Amino acid sequence: MSRASLEKRPEEVQAMFDDVAPRYDVMNDVLSLGQTRRWRKIVVEAVGAKRGQRVLDLAAGTGTSSEPYADAGIGVVACDFSQGMLKVGKRRRPDIDFVAGDATNLPFAENSFDASTISFGLRNVNEPKLALAEMLRVTKPGGTLVIAEFSHPTFAPFRTVYSEYLMRALPPVATKLSSNPAAYVYLAESIRAWPTQDGLAAWIQEAGWENCRYRNLSGGIVAVHRATKPRA
Ligand SMILES: C[S@@+](CC[C@H](N)C(=O)[O-])C[C@H]1O[C@@H](n2cnc3c(N)ncnc32)[C@H](O)[C@@H]1O
């Protein structure tokens, strides 16, 4: 069973997601206590795509984050570098356009999407700043970036309880349910090591995006950042 280290070597991250792919969506629902559905709805609203537009869902995994666009008749490209995740996705949703690609070297031309979004993926990318620059390149001027990622609860006592949940409760639950429990130790560690909401907003702006704002969900367990590509 493979798990990535906090160095996030691409081949380790890829192998880890190949391993978790068969039970990925079930685990998500259980470990988030059913919250993922609400979070995903808010992400789709933030993207605000319309029929006729084209959305890049990066690090799309099994395509669960891409489905709402396809269901609404919006053109969505689900891109990921784990063949295991893509295989499960293609089987589940043959109607969605799944593309194998690395977030740090996207296989798309510049200005090809109205919006680029990444849900629970950026934290796993070896060079997240490069991925932000790549998303900027492939998004049209005036287009939108939306990032959903685990973040840091804003209320200090809750932050302590949540941190305990991540480090103590989550790994044993994962051991019972997951096809790769070690991956959930990585999940807990990588969430703790991830930048704060303001820290991620700074990365986004440094990559060239503008008007970056974020919204905390579930007290800051998740943050949704939104920004736009300059028109000029
Ligand atoms: C936690 S899953 C998220 C899947 C989906 N977006 C969702 O919301 O359920 C993270 C995904 O990021 C992908 N990933 C990590 N690094 C990547 C990279 N450099 N390029 C493309 N995909 C990457 C993994 O393969 C995995 O499928």
# chains A, B, ... in the order shown; residues from 1 in each chain; ligands from 1

$ closest_atom_pairs --of "chain A" --to "ligand 1" --cutoff "9 Å" --atoms "only C-alpha atoms and all ligand atoms" --output "CSV"
residue,atom,partner,partner_atom_place_in_ligand_line,distance
A:Lys8,CA,ligand 1,16 (N),8.3
A:Pro10,CA,ligand 1,19 (N),6.3
A:Val13,CA,ligand 1,15 (C),6.2
A:Gln14,CA,ligand 1,25 (O),5.3
A:Ala15,CA,ligand 1,25 (O),8.3
A:Met16,CA,ligand 1,25 (O),8.1
A:Phe17,CA,ligand 1,25 (O),5.3
A:Asp18,CA,ligand 1,25 (O),7.4
A:Ala21,CA,ligand 1,27 (O),7.9
A:Tyr24,CA,ligand 1,9 (O),7.9
A:Asp25,CA,ligand 1,9 (O),7.0
A:Asn28,CA,ligand 1,9 (O),7.7
A:Thr36,CA,ligand 1,8 (O),8.4
A:Arg40,CA,ligand 1,8 (O),7.7
A:Asp57,CA,ligand 1,6 (N),7.2
A:Leu58,CA,ligand 1,22 (N),6.6
A:Ala59,CA,ligand 1,22 (N),3.9
A:Ala60,CA,ligand 1,6 (N),3.8
A:Gly61,CA,ligand 1,27 (O),3.4
A:Thr62,CA,ligand 1,4 (C),6.3
A:Gly63,CA,ligand 1,5 (C),6.2
A:Thr64,CA,ligand 1,9 (O),5.3
A:Ser65,CA,ligand 1,8 (O),4.6
A:Ser66,CA,ligand 1,6 (N),7.5
A:Ala78,CA,ligand 1,6 (N),8.7
A:Cys79,CA,ligand 1,21 (C),6.6
A:Asp80,CA,ligand 1,22 (N),3.9
A:Phe81,CA,ligand 1,21 (C),4.2
A:Ser82,CA,ligand 1,25 (O),4.2
A:Gln83,CA,ligand 1,25 (O),7.9
A:Gly84,CA,ligand 1,25 (O),8.2
A:Met85,CA,ligand 1,27 (O),5.6
A:Leu86,CA,ligand 1,27 (O),7.8
A:Ala100,CA,ligand 1,21 (C),7.7
A:Gly101,CA,ligand 1,21 (C),5.7
A:Asp102,CA,ligand 1,20 (N),3.5
A:Ala103,CA,ligand 1,20 (N),3.8
A:Thr104,CA,ligand 1,19 (N),5.8
A:Asn105,CA,ligand 1,20 (N),8.1
A:Leu106,CA,ligand 1,20 (N),8.2
A:Thr117,CA,ligand 1,6 (N),8.8
A:Ile118,CA,ligand 1,6 (N),6.1
A:Ser119,CA,ligand 1,6 (N),4.3
A:Phe120,CA,ligand 1,3 (C),4.7
A:Gly121,CA,ligand 1,10 (C),4.0
A:Leu122,CA,ligand 1,15 (C),6.9
A:Arg123,CA,ligand 1,15 (C),7.8
A:Asn124,CA,ligand 1,15 (C),4.7
A:Val125,CA,ligand 1,16 (N),4.0
A:Asn126,CA,ligand 1,19 (N),6.2
A:Glu127,CA,ligand 1,19 (N),7.6
A:Pro128,CA,ligand 1,19 (N),8.2
A:Ala131,CA,ligand 1,19 (N),7.6
A:Ala148,CA,ligand 1,8 (O),8.2
A:Leu187,CA,ligand 1,1 (C),8.7

$ select_by_dssp --residues "region 73-181 of chain A" --states "strand (DSSP E or B)" --output "PyMOL selection string"
chain A and resi 75-80+97-100+102+105+113-119+139-150

$ write_last_selection --atoms "N, CA and C atoms" --output "short mmCIF file (atom, residue, chain, number, x, y, z; two decimals), in the first residue's frame"
data_model
loop_
_atom_site.label_atom_id
_atom_site.label_comp_id
_atom_site.auth_asym_id
_atom_site.auth_seq_id
_atom_site.Cartn_x
_atom_site.Cartn_y
_atom_site.Cartn_z
N GLY A 75 -20.01 22.25 -20.75
CA GLY A 75 -18.89 21.45 -21.24
C GLY A 75 -17.82 21.39 -20.17
N VAL A 76 -17.50 20.17 -19.69
CA VAL A 76 -16.47 20.06 -18.63
C VAL A 76 -15.41 19.06 -19.06
N VAL A 77 -14.16 19.43 -18.82
CA VAL A 77 -13.04 18.52 -19.05
C VAL A 77 -12.51 18.13 -17.68
N ALA A 78 -12.51 16.82 -17.40
CA ALA A 78 -12.04 16.31 -16.11
C ALA A 78 -10.61 15.81 -16.30
N CYS A 79 -9.66 16.52 -15.72
CA CYS A 79 -8.25 16.19 -15.95
C CYS A 79 -7.60 15.70 -14.65
N ASP A 80 -6.81 14.63 -14.74
CA ASP A 80 -6.14 14.08 -13.56
C ASP A 80 -4.94 13.27 -14.04
N ASP A 97 -15.74 14.01 -20.44
CA ASP A 97 -14.47 13.99 -21.16
C ASP A 97 -13.32 13.94 -20.14
N PHE A 98 -12.79 12.73 -19.88
CA PHE A 98 -11.66 12.56 -18.95
C PHE A 98 -10.35 12.65 -19.73
N VAL A 99 -9.42 13.47 -19.23
CA VAL A 99 -8.14 13.66 -19.92
C VAL A 99 -7.01 13.42 -18.91
N ALA A 100 -6.02 12.61 -19.29
CA ALA A 100 -4.86 12.40 -18.42
C ALA A 100 -3.93 13.59 -18.57
N ASP A 102 -0.98 16.39 -16.18
CA ASP A 102 -0.34 16.85 -14.94
C ASP A 102 -0.67 18.33 -14.75
N ASN A 105 1.80 20.90 -15.90
CA ASN A 105 2.16 20.95 -17.33
C ASN A 105 0.93 20.55 -18.12
N PHE A 113 -10.35 27.80 -21.64
CA PHE A 113 -11.50 27.54 -20.75
C PHE A 113 -12.08 28.85 -20.19
N ASP A 114 -13.40 28.84 -19.97
CA ASP A 114 -14.04 30.00 -19.34
C ASP A 114 -13.76 30.02 -17.84
N ALA A 115 -13.56 28.84 -17.28
CA ALA A 115 -13.26 28.76 -15.85
C ALA A 115 -12.38 27.54 -15.59
N SER A 116 -11.50 27.67 -14.60
CA SER A 116 -10.70 26.53 -14.14
C SER A 116 -10.98 26.34 -12.67
N THR A 117 -11.19 25.09 -12.28
CA THR A 117 -11.49 24.83 -10.88
C THR A 117 -10.73 23.58 -10.44
N ILE A 118 -10.46 23.51 -9.15
CA ILE A 118 -9.75 22.35 -8.60
C ILE A 118 -10.27 22.12 -7.19
N SER A 119 -10.82 20.93 -6.96
CA SER A 119 -11.41 20.60 -5.66
C SER A 119 -10.58 19.55 -4.96
N THR A 139 -6.86 29.53 -18.92
CA THR A 139 -8.15 30.21 -18.73
C THR A 139 -8.19 31.47 -19.59
N LYS A 140 -9.39 31.77 -20.12
CA LYS A 140 -9.55 32.96 -20.97
C LYS A 140 -9.42 34.23 -20.14
N PRO A 141 -8.96 35.34 -20.73
CA PRO A 141 -8.95 36.61 -19.99
C PRO A 141 -10.35 36.92 -19.47
N GLY A 142 -10.45 37.34 -18.23
CA GLY A 142 -11.76 37.60 -17.61
C GLY A 142 -12.38 36.34 -17.01
N GLY A 143 -11.75 35.19 -17.25
CA GLY A 143 -12.28 33.91 -16.75
C GLY A 143 -12.03 33.73 -15.26
N THR A 144 -12.60 32.65 -14.75
CA THR A 144 -12.68 32.45 -13.29
C THR A 144 -11.81 31.29 -12.82
N LEU A 145 -11.26 31.46 -11.63
CA LEU A 145 -10.57 30.37 -10.92
C LEU A 145 -11.34 30.09 -9.64
N VAL A 146 -11.63 28.83 -9.36
CA VAL A 146 -12.24 28.48 -8.07
C VAL A 146 -11.48 27.28 -7.49
N ILE A 147 -11.03 27.46 -6.26
CA ILE A 147 -10.28 26.40 -5.58
C ILE A 147 -11.02 26.01 -4.30
N ALA A 148 -11.33 24.74 -4.16
CA ALA A 148 -11.86 24.24 -2.88
C ALA A 148 -10.76 23.40 -2.25
N GLU A 149 -10.44 23.70 -1.02
CA GLU A 149 -9.38 22.92 -0.37
C GLU A 149 -9.61 22.90 1.14
N PHE A 150 -9.15 21.83 1.77
CA PHE A 150 -9.19 21.81 3.23
C PHE A 150 -8.34 22.96 3.74
#

$ atom_distance --atom1 "CA of Lys50 (chain A)" --atom2 "CA of Leu132 (chain A)"
22.9 Å

$ residues_around --residues "Ala46 (chain A)" --least-positions-apart "3" --cutoff "9 Å" --atoms "only C-alpha atoms" --output "list in words"
Lys41, Ile42, Val43, Ala49, Thr144, Val146, Val224, His225 and Arg226 of chain A

$ write_last_selection --atoms "C-alpha atoms" --output "short mmCIF file (atom, residue, chain, number, x, y, z; two decimals), in the first residue's frame"
data_model
loop_
_atom_site.label_atom_id
_atom_site.label_comp_id
_atom_site.auth_asym_id
_atom_site.auth_seq_id
_atom_site.Cartn_x
_atom_site.Cartn_y
_atom_site.Cartn_z
CA LYS A 41 -22.74 22.76 -4.45
CA ILE A 42 -21.08 25.96 -3.21
CA VAL A 43 -18.08 25.39 -5.49
CA ALA A 49 -20.61 28.61 -15.50
CA THR A 144 -12.68 32.45 -13.29
CA VAL A 146 -12.24 28.48 -8.07
CA VAL A 224 -13.34 28.22 -1.36
CA HIS A 225 -11.10 30.77 -3.08
CA ARG A 226 -12.32 32.61 -6.17
#

$ residues_around --residues "Val173 (chain A)" --least-positions-apart "2" --cutoff "12 Å" --atoms "only C-alpha atoms" --output "ChimeraX atom specification"
/A:27-28,30-33,165-171,175-182,184-185

$ select_by_dssp --residues "region 35-138 of chain A" --states "alpha helix (DSSP H)" --output "number ranges by chain"
A: 36-47, 67-71, 83-92, 128-138

$ write_last_selection --atoms "C-alpha atoms" --output "mmCIF file, in the first residue's frame"
data_model
loop_
_atom_site.group_PDB
_atom_site.id
_atom_site.type_symbol
_atom_site.label_atom_id
_atom_site.label_comp_id
_atom_site.auth_asym_id
_atom_site.auth_seq_id
_atom_site.Cartn_x
_atom_site.Cartn_y
_atom_site.Cartn_z
ATOM 1 C CA THR A 36 -18.877 17.073 0.755
ATOM 2 C CA ARG A 37 -22.184 17.350 -1.094
ATOM 3 C CA ARG A 38 -22.891 20.804 0.370
ATOM 4 C CA TRP A 39 -19.307 21.946 -0.257
ATOM 5 C CA ARG A 40 -19.497 20.826 -3.888
ATOM 6 C CA LYS A 41 -22.737 22.759 -4.448
ATOM 7 C CA ILE A 42 -21.078 25.956 -3.210
ATOM 8 C CA VAL A 43 -18.082 25.389 -5.493
ATOM 9 C CA VAL A 44 -20.348 25.031 -8.544
ATOM 10 C CA GLU A 45 -22.172 28.262 -7.612
ATOM 11 C CA ALA A 46 -18.824 30.075 -7.250
ATOM 12 C CA VAL A 47 -17.735 28.889 -10.722
ATOM 13 C CA GLU A 67 -20.554 15.814 -12.572
ATOM 14 C CA PRO A 68 -22.632 18.888 -11.666
ATOM 15 C CA TYR A 69 -21.346 20.729 -14.766
ATOM 16 C CA ALA A 70 -22.089 17.817 -17.090
ATOM 17 C CA ASP A 71 -25.533 17.441 -15.480
ATOM 18 C CA GLN A 83 -4.886 6.366 -14.210
ATOM 19 C CA GLY A 84 -6.665 4.537 -11.351
ATOM 20 C CA MET A 85 -8.917 7.504 -10.582
ATOM 21 C CA LEU A 86 -9.550 8.163 -14.303
ATOM 22 C CA LYS A 87 -10.521 4.521 -14.848
ATOM 23 C CA VAL A 88 -13.146 4.615 -12.068
ATOM 24 C CA GLY A 89 -14.376 7.971 -13.409
ATOM 25 C CA LYS A 90 -14.738 6.784 -17.013
ATOM 26 C CA ARG A 91 -16.663 3.735 -15.852
ATOM 27 C CA ARG A 92 -19.000 5.837 -13.677
ATOM 28 C CA PRO A 128 1.054 24.142 -6.420
ATOM 29 C CA LYS A 129 2.279 27.581 -7.509
ATOM 30 C CA LEU A 130 3.139 26.169 -10.930
ATOM 31 C CA ALA A 131 -0.365 24.651 -11.136
ATOM 32 C CA LEU A 132 -1.866 28.092 -10.370
ATOM 33 C CA ALA A 133 0.209 29.554 -13.224
ATOM 34 C CA GLU A 134 -0.860 26.749 -15.575
ATOM 35 C CA MET A 135 -4.536 27.297 -14.736
ATOM 36 C CA LEU A 136 -4.035 30.999 -15.475
ATOM 37 C CA ARG A 137 -2.489 30.171 -18.861
ATOM 38 C CA VAL A 138 -5.354 27.925 -20.000
#

$ residues_around --residues "Gln197 (chain A)" --least-positions-apart "5" --cutoff "10 Å" --atoms "only C-alpha atoms" --output "PyMOL selection string"
chain A and resi 149-154+202+213-216+220+222-225

$ write_last_selection --atoms "C-alpha atoms" --output "PDB file, in the first residue's frame"
ATOM      1  CA  GLU A 149      -9.379  22.919  -0.367  1.00  0.00           C
ATOM      2  CA  PHE A 150      -9.192  21.807   3.227  1.00  0.00           C
ATOM      3  CA  SER A 151      -8.093  24.746   5.328  1.00  0.00           C
ATOM      4  CA  HIS A 152      -7.858  25.879   8.942  1.00  0.00           C
ATOM      5  CA  PRO A 153     -10.847  26.414  11.278  1.00  0.00           C
ATOM      6  CA  THR A 154     -11.045  30.039  12.345  1.00  0.00           C
ATOM      7  CA  ALA A 202      -1.392  35.378  -1.551  1.00  0.00           C
ATOM      8  CA  ARG A 213     -11.723  36.405  -2.291  1.00  0.00           C
ATOM      9  CA  TYR A 214     -12.443  33.374  -0.159  1.00  0.00           C
ATOM     10  CA  ARG A 215     -15.295  31.918   1.812  1.00  0.00           C
ATOM     11  CA  ASN A 216     -14.939  29.585   4.795  1.00  0.00           C
ATOM     12  CA  GLY A 220     -12.969  26.914   7.913  1.00  0.00           C
ATOM     13  CA  VAL A 222     -12.802  23.986   3.877  1.00  0.00           C
ATOM     14  CA  ALA A 223     -12.123  27.293   2.116  1.00  0.00           C
ATOM     15  CA  VAL A 224     -13.340  28.217  -1.357  1.00  0.00           C
ATOM     16  CA  HIS A 225     -11.098  30.770  -3.077  1.00  0.00           C
TER      17      HIS A 225
END

$ closest_residue --among "A:Ala188, A:Arg9, A:Gln35, A:Ser112" --to "Leu217 (chain A)" --atoms "only C-alpha atoms"
A:Gln35

$ closest_residue --among "A:Ala227, A:Glu210, A:Ala232, A:Glu189" --to "Ala4 (chain A)" --atoms "only C-alpha atoms"
A:Glu189

$ atom_distance --atom1 "CA of Arg54 (chain A)" --atom2 "CA of Arg231 (chain A)"
17.7 Å

$ closest_residue --among "A:Ala207, A:Ala72, A:Asn111, A:Ser218" --to "Tyr162 (chain A)" --atoms "only C-alpha atoms"
A:Ser218

$ atom_distance --atom1 "CA of Tyr186 (chain A)" --atom2 "CA of Phe158 (chain A)"
21.4 Å

$ decode --residues "region 121-201 of chain A" --atoms "C-alpha atoms" --output "PDB file, in the first residue's frame"
ATOM      1  CA  GLY A 121      -6.504  18.614  -5.465  1.00  0.00           C
ATOM      2  CA  LEU A 122      -4.121  21.572  -5.185  1.00  0.00           C
ATOM      3  CA  ARG A 123      -2.827  20.420  -1.759  1.00  0.00           C
ATOM      4  CA  ASN A 124      -1.595  17.208  -3.409  1.00  0.00           C
ATOM      5  CA  VAL A 125       0.229  18.871  -6.286  1.00  0.00           C
ATOM      6  CA  ASN A 126       3.989  18.812  -5.952  1.00  0.00           C
ATOM      7  CA  GLU A 127       4.369  22.419  -7.183  1.00  0.00           C
ATOM      8  CA  PRO A 128       1.054  24.142  -6.420  1.00  0.00           C
ATOM      9  CA  LYS A 129       2.279  27.581  -7.509  1.00  0.00           C
ATOM     10  CA  LEU A 130       3.139  26.169 -10.930  1.00  0.00           C
ATOM     11  CA  ALA A 131      -0.365  24.651 -11.136  1.00  0.00           C
ATOM     12  CA  LEU A 132      -1.866  28.092 -10.370  1.00  0.00           C
ATOM     13  CA  ALA A 133       0.209  29.554 -13.224  1.00  0.00           C
ATOM     14  CA  GLU A 134      -0.860  26.749 -15.575  1.00  0.00           C
ATOM     15  CA  MET A 135      -4.536  27.297 -14.736  1.00  0.00           C
ATOM     16  CA  LEU A 136      -4.035  30.999 -15.475  1.00  0.00           C
ATOM     17  CA  ARG A 137      -2.489  30.171 -18.861  1.00  0.00           C
ATOM     18  CA  VAL A 138      -5.354  27.925 -20.000  1.00  0.00           C
ATOM     19  CA  THR A 139      -8.151  30.214 -18.727  1.00  0.00           C
ATOM     20  CA  LYS A 140      -9.549  32.956 -20.970  1.00  0.00           C
ATOM     21  CA  PRO A 141      -8.946  36.612 -19.993  1.00  0.00           C
ATOM     22  CA  GLY A 142     -11.757  37.602 -17.608  1.00  0.00           C
ATOM     23  CA  GLY A 143     -12.282  33.915 -16.754  1.00  0.00           C
ATOM     24  CA  THR A 144     -12.678  32.453 -13.292  1.00  0.00           C
ATOM     25  CA  LEU A 145     -10.573  30.371 -10.923  1.00  0.00           C
ATOM     26  CA  VAL A 146     -12.241  28.476  -8.065  1.00  0.00           C
ATOM     27  CA  ILE A 147     -10.279  26.402  -5.577  1.00  0.00           C
ATOM     28  CA  ALA A 148     -11.860  24.244  -2.877  1.00  0.00           C
ATOM     29  CA  GLU A 149      -9.379  22.919  -0.367  1.00  0.00           C
ATOM     30  CA  PHE A 150      -9.192  21.807   3.227  1.00  0.00           C
ATOM     31  CA  SER A 151      -8.093  24.746   5.328  1.00  0.00           C
ATOM     32  CA  HIS A 152      -7.858  25.879   8.942  1.00  0.00           C
ATOM     33  CA  PRO A 153     -10.847  26.414  11.278  1.00  0.00           C
ATOM     34  CA  THR A 154     -11.045  30.039  12.345  1.00  0.00           C
ATOM     35  CA  PHE A 155     -12.384  29.503  15.915  1.00  0.00           C
ATOM     36  CA  ALA A 156      -9.379  28.434  18.018  1.00  0.00           C
ATOM     37  CA  PRO A 157     -11.131  25.907  20.345  1.00  0.00           C
ATOM     38  CA  PHE A 158     -12.760  24.232  17.315  1.00  0.00           C
ATOM     39  CA  ARG A 159      -9.375  24.220  15.545  1.00  0.00           C
ATOM     40  CA  THR A 160      -7.959  22.160  18.440  1.00  0.00           C
ATOM     41  CA  VAL A 161     -10.851  19.654  18.391  1.00  0.00           C
ATOM     42  CA  TYR A 162     -10.623  19.337  14.605  1.00  0.00           C
ATOM     43  CA  SER A 163      -6.884  18.782  14.716  1.00  0.00           C
ATOM     44  CA  GLU A 164      -7.446  15.957  17.218  1.00  0.00           C
ATOM     45  CA  TYR A 165     -10.078  14.455  14.874  1.00  0.00           C
ATOM     46  CA  LEU A 166      -7.624  14.559  11.978  1.00  0.00           C
ATOM     47  CA  MET A 167      -4.709  13.017  13.823  1.00  0.00           C
ATOM     48  CA  ARG A 168      -6.505  10.562  16.153  1.00  0.00           C
ATOM     49  CA  ALA A 169     -10.004   9.636  14.929  1.00  0.00           C
ATOM     50  CA  LEU A 170      -9.555   9.701  11.170  1.00  0.00           C
ATOM     51  CA  PRO A 171      -6.736   7.114  10.786  1.00  0.00           C
ATOM     52  CA  PRO A 172      -8.552   4.309  12.732  1.00  0.00           C
ATOM     53  CA  VAL A 173     -11.798   4.911  10.820  1.00  0.00           C
ATOM     54  CA  ALA A 174      -9.840   4.840   7.576  1.00  0.00           C
ATOM     55  CA  THR A 175      -8.157   1.581   8.635  1.00  0.00           C
ATOM     56  CA  LYS A 176     -11.585  -0.068   8.827  1.00  0.00           C
ATOM     57  CA  LEU A 177     -13.010   1.338   5.605  1.00  0.00           C
ATOM     58  CA  SER A 178     -10.306   2.268   3.119  1.00  0.00           C
ATOM     59  CA  SER A 179      -8.442   0.227   0.529  1.00  0.00           C
ATOM     60  CA  ASN A 180      -5.328   2.198   1.575  1.00  0.00           C
ATOM     61  CA  PRO A 181      -5.485   3.444   5.214  1.00  0.00           C
ATOM     62  CA  ALA A 182      -1.971   4.944   5.086  1.00  0.00           C
ATOM     63  CA  ALA A 183      -3.253   7.459   2.536  1.00  0.00           C
ATOM     64  CA  TYR A 184      -5.433   8.953   5.259  1.00  0.00           C
ATOM     65  CA  VAL A 185      -2.442   9.587   7.514  1.00  0.00           C
ATOM     66  CA  TYR A 186      -1.032  11.579   4.575  1.00  0.00           C
ATOM     67  CA  LEU A 187      -4.410  13.361   4.271  1.00  0.00           C
ATOM     68  CA  ALA A 188      -4.270  14.490   7.916  1.00  0.00           C
ATOM     69  CA  GLU A 189      -0.629  15.566   7.720  1.00  0.00           C
ATOM     70  CA  SER A 190      -1.003  17.417   4.439  1.00  0.00           C
ATOM     71  CA  ILE A 191      -4.027  19.363   5.721  1.00  0.00           C
ATOM     72  CA  ARG A 192      -2.066  20.481   8.778  1.00  0.00           C
ATOM     73  CA  ALA A 193       0.868  21.591   6.626  1.00  0.00           C
ATOM     74  CA  TRP A 194      -1.291  23.502   4.079  1.00  0.00           C
ATOM     75  CA  PRO A 195      -1.218  27.350   4.076  1.00  0.00           C
ATOM     76  CA  THR A 196      -3.891  29.376   5.815  1.00  0.00           C
ATOM     77  CA  GLN A 197      -6.740  30.955   3.871  1.00  0.00           C
ATOM     78  CA  ASP A 198      -4.764  34.223   3.552  1.00  0.00           C
ATOM     79  CA  GLY A 199      -1.601  32.340   2.638  1.00  0.00           C
ATOM     80  CA  LEU A 200      -3.333  30.589  -0.270  1.00  0.00           C
ATOM     81  CA  ALA A 201      -4.909  33.889  -1.382  1.00  0.00           C
TER      82      ALA A 201
END
